[in-house]
file start_8.cif (mmCIF, C-alpha atoms)
data_final
loop_
_atom_site.group_PDB
_atom_site.id
_atom_site.type_symbol
_atom_site.label_atom_id
_atom_site.label_comp_id
_atom_site.auth_asym_id
_atom_site.auth_seq_id
_atom_site.Cartn_x
_atom_site.Cartn_y
_atom_site.Cartn_z
ATOM 1 C CA MET S 1 -36.082 143.070 -63.025
ATOM 2 C CA LYS S 2 -33.780 145.047 -60.749
ATOM 3 C CA ILE S 3 -34.697 144.893 -57.070
ATOM 4 C CA CYS S 4 -33.207 146.933 -54.249
ATOM 5 C CA ARG S 5 -33.431 144.974 -51.006
ATOM 6 C CA VAL S 6 -33.368 147.272 -47.972
ATOM 7 C CA ILE S 7 -33.407 146.491 -44.280
ATOM 8 C CA PHE S 8 -33.623 149.070 -41.504
ATOM 9 C CA SER S 9 -31.979 147.948 -38.285
ATOM 10 C CA THR S 10 -31.570 149.455 -34.841
ATOM 11 C CA ASN S 11 -28.639 147.506 -33.417
ATOM 12 C CA ARG S 12 -30.658 144.585 -32.080
ATOM 13 C CA PRO S 13 -28.748 141.436 -33.061
ATOM 14 C CA GLU S 14 -31.092 139.298 -30.953
ATOM 15 C CA PHE S 15 -33.888 140.195 -33.422
ATOM 16 C CA LEU S 16 -31.746 140.786 -36.491
ATOM 17 C CA ILE S 17 -30.104 137.361 -36.692
ATOM 18 C CA PRO S 18 -33.395 135.364 -36.673
ATOM 19 C CA THR S 19 -34.765 137.838 -39.241
ATOM 20 C CA LEU S 20 -31.802 137.356 -41.575
ATOM 21 C CA GLU S 21 -31.815 133.558 -41.130
ATOM 22 C CA SER S 22 -35.528 133.301 -41.922
ATOM 23 C CA HIS S 23 -35.145 135.674 -44.885
ATOM 24 C CA GLN S 24 -32.359 133.538 -46.332
ATOM 25 C CA LYS S 25 -34.450 130.394 -45.845
ATOM 26 C CA TYR S 26 -37.823 131.606 -47.120
ATOM 27 C CA ILE S 27 -37.469 134.570 -49.504
ATOM 28 C CA ASP S 28 -37.012 133.547 -53.131
ATOM 29 C CA PHE S 29 -35.860 136.332 -55.467
ATOM 30 C CA GLY S 30 -35.741 133.950 -58.425
ATOM 31 C CA ASP S 31 -33.510 135.189 -61.237
ATOM 32 C CA HIS S 32 -33.955 138.867 -60.461
ATOM 33 C CA GLU S 33 -30.964 141.149 -60.065
ATOM 34 C CA VAL S 34 -30.881 142.093 -56.362
ATOM 35 C CA TYR S 35 -28.784 144.786 -54.708
ATOM 36 C CA GLY S 36 -28.880 144.779 -50.895
ATOM 37 C CA ILE S 37 -28.538 147.810 -48.627
ATOM 38 C CA PHE S 38 -28.343 147.334 -44.882
ATOM 39 C CA ILE S 39 -28.978 150.495 -42.830
ATOM 40 C CA ASP S 40 -28.410 150.566 -39.073
ATOM 41 C CA ASP S 41 -29.563 153.711 -37.303
ATOM 42 C CA TYR S 42 -28.650 153.002 -33.687
ATOM 43 C CA PRO S 43 -24.924 153.367 -32.947
ATOM 44 C CA LYS S 44 -25.130 153.175 -29.123
ATOM 45 C CA ASP S 45 -23.046 150.141 -28.086
ATOM 46 C CA ARG S 46 -23.135 148.831 -31.656
ATOM 47 C CA ASP S 47 -20.519 146.279 -32.689
ATOM 48 C CA ASP S 48 -19.831 147.682 -36.166
ATOM 49 C CA LYS S 49 -17.702 144.682 -37.159
ATOM 50 C CA LEU S 50 -20.501 142.240 -36.261
ATOM 51 C CA ILE S 51 -23.145 144.253 -38.134
ATOM 52 C CA VAL S 52 -20.994 144.509 -41.277
ATOM 53 C CA GLU S 53 -20.179 140.774 -41.114
ATOM 54 C CA LEU S 54 -23.879 139.918 -40.805
ATOM 55 C CA ALA S 55 -24.743 142.185 -43.720
ATOM 56 C CA LYS S 56 -22.132 140.501 -45.917
ATOM 57 C CA LYS S 57 -23.030 136.981 -44.752
ATOM 58 C CA TYR S 58 -26.683 137.503 -45.669
ATOM 59 C CA GLY S 59 -26.102 138.987 -49.102
ATOM 60 C CA PHE S 60 -26.110 142.748 -48.640
ATOM 61 C CA ASN S 61 -23.846 144.682 -50.974
ATOM 62 C CA GLU S 62 -23.367 147.581 -48.591
ATOM 63 C CA ALA S 63 -23.846 148.412 -44.941
ATOM 64 C CA VAL S 64 -24.683 151.966 -43.899
ATOM 65 C CA LEU S 65 -23.928 152.512 -40.211
ATOM 66 C CA HIS S 66 -25.138 155.864 -38.982
ATOM 67 C CA PRO S 67 -22.613 157.459 -36.611
ATOM 68 C CA GLU S 68 -25.538 159.006 -34.702
ATOM 69 C CA ASN S 69 -29.188 158.069 -34.385
ATOM 70 C CA LEU S 70 -31.085 159.980 -37.080
ATOM 71 C CA GLY S 71 -34.544 158.521 -36.560
ATOM 72 C CA LEU S 72 -37.070 157.098 -38.984
ATOM 73 C CA THR S 73 -37.908 160.117 -41.137
ATOM 74 C CA PRO S 74 -34.300 161.119 -41.957
ATOM 75 C CA THR S 75 -33.435 157.474 -42.607
ATOM 76 C CA TRP S 76 -36.345 157.152 -45.052
ATOM 77 C CA THR S 77 -35.294 160.432 -46.667
ATOM 78 C CA GLU S 78 -31.734 159.181 -47.028
ATOM 79 C CA LEU S 79 -33.032 156.026 -48.720
ATOM 80 C CA TRP S 80 -35.367 157.871 -51.116
ATOM 81 C CA ASN S 81 -32.613 160.324 -52.031
ATOM 82 C CA TYR S 82 -30.378 157.371 -52.892
ATOM 83 C CA LEU S 83 -33.137 155.621 -54.856
ATOM 84 C CA ALA S 84 -33.634 158.810 -56.892
ATOM 85 C CA THR S 85 -30.161 158.238 -58.361
ATOM 86 C CA GLN S 86 -30.740 154.576 -59.221
ATOM 87 C CA ASP S 87 -32.692 152.525 -61.738
ATOM 88 C CA TYR S 88 -34.558 149.865 -59.726
ATOM 89 C CA ASP S 89 -37.858 148.326 -60.770
ATOM 90 C CA TYR S 90 -38.849 147.267 -57.244
ATOM 91 C CA ILE S 91 -37.840 147.903 -53.654
ATOM 92 C CA TRP S 92 -38.122 145.051 -51.120
ATOM 93 C CA HIS S 93 -38.066 146.568 -47.643
ATOM 94 C CA HIS S 94 -38.289 145.078 -44.186
ATOM 95 C CA GLU S 95 -37.068 145.817 -40.704
ATOM 96 C CA ASP S 96 -34.845 143.874 -38.327
ATOM 97 C CA ASP S 97 -37.599 142.198 -36.306
ATOM 98 C CA VAL S 98 -39.479 140.205 -38.945
ATOM 99 C CA VAL S 99 -39.226 136.428 -38.835
ATOM 100 C CA PHE S 100 -40.539 134.855 -42.011
ATOM 101 C CA GLY S 101 -42.301 131.546 -41.394
ATOM 102 C CA ALA S 102 -43.197 130.377 -44.893
ATOM 103 C CA PRO S 103 -41.790 130.601 -48.416
ATOM 104 C CA ILE S 104 -42.406 133.833 -50.327
ATOM 105 C CA LYS S 105 -41.704 134.071 -54.037
ATOM 106 C CA ILE S 106 -40.950 137.674 -54.884
ATOM 107 C CA GLN S 107 -42.093 136.987 -58.443
ATOM 108 C CA THR S 108 -45.620 136.330 -57.132
ATOM 109 C CA LEU S 109 -45.686 139.798 -55.561
ATOM 110 C CA ILE S 110 -44.278 141.351 -58.725
ATOM 111 C CA ASP S 111 -46.889 139.555 -60.835
ATOM 112 C CA PHE S 112 -49.637 140.985 -58.636
ATOM 113 C CA LEU S 113 -48.284 144.525 -58.994
ATOM 114 C CA GLU S 114 -47.768 144.153 -62.748
ATOM 115 C CA GLU S 115 -51.325 142.865 -63.235
ATOM 116 C CA ASN S 116 -52.883 145.482 -60.931
ATOM 117 C CA LYS S 117 -51.423 148.847 -61.896
ATOM 118 C CA GLU S 118 -53.714 150.681 -59.455
ATOM 119 C CA PHE S 119 -51.525 149.285 -56.654
ATOM 120 C CA CYS S 120 -47.968 150.421 -56.052
ATOM 121 C CA GLN S 121 -47.066 148.288 -53.032
ATOM 122 C CA VAL S 122 -47.746 144.995 -51.334
ATOM 123 C CA ASN S 123 -47.571 144.920 -47.561
ATOM 124 C CA LEU S 124 -47.203 141.465 -46.034
ATOM 125 C CA LYS S 125 -49.354 140.620 -43.056
ATOM 126 C CA ARG S 126 -47.553 140.251 -39.766
ATOM 127 C CA ASN S 127 -48.535 138.652 -36.504
ATOM 128 C CA PRO S 128 -50.401 140.962 -34.124
ATOM 129 C CA TRP S 129 -48.411 142.441 -31.256
ATOM 130 C CA TYR S 130 -51.345 143.888 -29.350
ATOM 131 C CA ALA S 131 -54.789 142.452 -28.538
ATOM 132 C CA PHE S 132 -56.635 145.272 -30.375
ATOM 133 C CA GLU S 133 -54.922 144.239 -33.605
ATOM 134 C CA LEU S 134 -57.052 141.077 -33.633
ATOM 135 C CA ASN S 135 -60.145 143.227 -34.275
ATOM 136 C CA LYS S 136 -61.101 143.849 -37.888
ATOM 137 C CA PRO S 137 -60.632 147.491 -38.884
ATOM 138 C CA ALA S 138 -63.866 149.425 -39.398
ATOM 139 C CA ILE S 139 -62.969 150.397 -42.950
ATOM 140 C CA THR S 140 -64.102 149.374 -46.405
ATOM 141 C CA TRP S 141 -62.269 148.985 -49.685
ATOM 142 C CA GLU S 142 -63.889 152.179 -50.920
ATOM 143 C CA ASP S 143 -62.369 154.140 -48.048
ATOM 144 C CA LYS S 144 -59.782 156.485 -49.628
ATOM 145 C CA PHE S 145 -57.586 156.435 -46.519
ATOM 146 C CA PHE S 146 -57.415 152.642 -46.617
ATOM 147 C CA ARG S 147 -56.612 152.487 -50.313
ATOM 148 C CA GLU S 148 -53.980 155.217 -50.268
ATOM 149 C CA TYR S 149 -52.471 155.552 -46.820
ATOM 150 C CA TYR S 150 -53.222 152.630 -44.500
ATOM 151 C CA ARG S 151 -50.015 150.984 -43.314
ATOM 152 C CA SER S 152 -49.697 147.849 -41.215
ATOM 153 C CA GLY S 153 -46.691 145.683 -40.617
ATOM 154 C CA ASN S 154 -43.179 146.377 -41.737
ATOM 155 C CA VAL S 155 -42.510 144.314 -44.854
ATOM 156 C CA PHE S 156 -43.150 145.929 -48.227
ATOM 157 C CA ILE S 157 -42.397 145.572 -51.894
ATOM 158 C CA TYR S 158 -42.852 148.729 -53.954
ATOM 159 C CA ARG S 159 -43.141 149.110 -57.707
ATOM 160 C CA PHE S 160 -40.771 151.883 -58.739
ATOM 161 C CA ASP S 161 -42.145 153.272 -62.004
ATOM 162 C CA TYR S 162 -40.288 156.538 -62.353
ATOM 163 C CA LYS S 163 -37.329 158.613 -61.330
ATOM 164 C CA VAL S 164 -37.710 160.474 -58.044
ATOM 165 C CA ASN S 165 -36.645 164.103 -57.910
ATOM 166 C CA PRO S 166 -35.914 166.187 -54.781
ATOM 167 C CA GLY S 167 -39.444 167.638 -54.766
ATOM 168 C CA ASP S 168 -40.864 164.107 -54.723
ATOM 169 C CA VAL S 169 -38.602 163.188 -51.814
ATOM 170 C CA ALA S 170 -39.999 166.140 -49.859
ATOM 171 C CA LYS S 171 -43.552 164.922 -50.507
ATOM 172 C CA ILE S 172 -42.668 161.345 -49.503
ATOM 173 C CA THR S 173 -41.044 162.640 -46.325
ATOM 174 C CA GLN S 174 -44.193 164.581 -45.436
ATOM 175 C CA VAL S 175 -46.357 161.477 -45.896
ATOM 176 C CA PHE S 176 -44.109 159.526 -43.541
ATOM 177 C CA GLY S 177 -44.621 162.067 -40.773
ATOM 178 C CA SER S 178 -41.821 164.566 -40.948
ATOM 179 C CA ASP S 179 -42.318 167.883 -39.190
ATOM 180 C CA SER S 180 -40.366 169.572 -41.939
ATOM 181 C CA THR S 181 -38.911 168.801 -45.322
ATOM 182 C CA ALA S 182 -35.494 170.220 -44.475
ATOM 183 C CA ALA S 183 -33.928 166.746 -44.536
ATOM 184 C CA ALA S 184 -35.125 166.225 -48.116
ATOM 185 C CA SER S 185 -33.256 169.282 -49.354
ATOM 186 C CA LYS S 186 -29.862 168.150 -48.062
#
call {"tool": "encode", "arguments": {"input": "start_8.cif", "output": "structure tokens"}}
result
Amino acid sequence: MKICRVIFSTNRPEFLIPTLESHQKYIDFGDHEVYGIFIDDYPKDRDDKLIVELAKKYGFNEAVLHPENLGLTPTWTELWNYLATQDYDYIWHHEDDVVFGAPIKIQTLIDFLEENKEFCQVNLKRNPWYAFELNKPAITWEDKFFREYYRSGNVFIYRFDYKVNPGDVAKITQVFGSDSTAAASK
């Protein structure tokens, strides 16, 4: 299987380095073909040389350093536009402030998605940041919002079953909160 590994960063080496170290220690891609893309969207006071060195050291094939802060929606749009031109089976995505504390076999996540075609992503649980996050959500499995839209945490693996076209990118951008789809048409 071909996996695109993507990390979104915001020029925070104090969080990024522990994230990358724990990823290297605990994430097992097995024999899958992995292509890594490192995207940093916060150029203010960024040490470009350090960021590129870290990306290379931790197995990323390319580092995308935005010359200006674009924000989350344009960064997602940029990624989906790129993915539309590629042939990946899965996308492994996380951000720069996730410290993995136990081994994760990517094949286990892939097996789950392959055996359960009604799911298209696995979202790994993260530690709560706020006290209210310790409360159980008042939702049920039958709740359409929960099944289709509920997001928690910032580590995902997505099954990528088809080619994405520009119209799909516009729809994805709308789901992720864009005020307009202008970025998707660029």
call {"tool": "atom_distance", "arguments": {"input": "start_8.cif", "atom1": "CA of Glu68 in chain S", "atom2": "CA of Asp40 in chain S"}}
result
9.9 Å
call {"tool": "closest_residue", "arguments": {"input": "start_8.cif", "among": "S:Asp41, S:Thr77, S:Tyr90, S:Glu33", "to": "Asp111 in chain S", "atoms": "only C-alpha atoms"}}
result
S:Tyr90
call {"tool": "atom_distance", "arguments": {"input": "start_8.cif", "atom1": "CA of Leu70 in chain S", "atom2": "CA of Val98 in chain S"}}
result
21.6 Å
call {"tool": "atom_distance", "arguments": {"input": "start_8.cif", "atom1": "CA of Ile3 in chain S", "atom2": "CA of Thr19 in chain S"}}
result
19.2 Å
call {"tool": "closest_residue", "arguments": {"input": "start_8.cif", "among": "S:His94, S:His32, S:His66, S:Lys57", "to": "Val122 in chain S", "atoms": "all atoms listed in the file"}}
result
S:His94
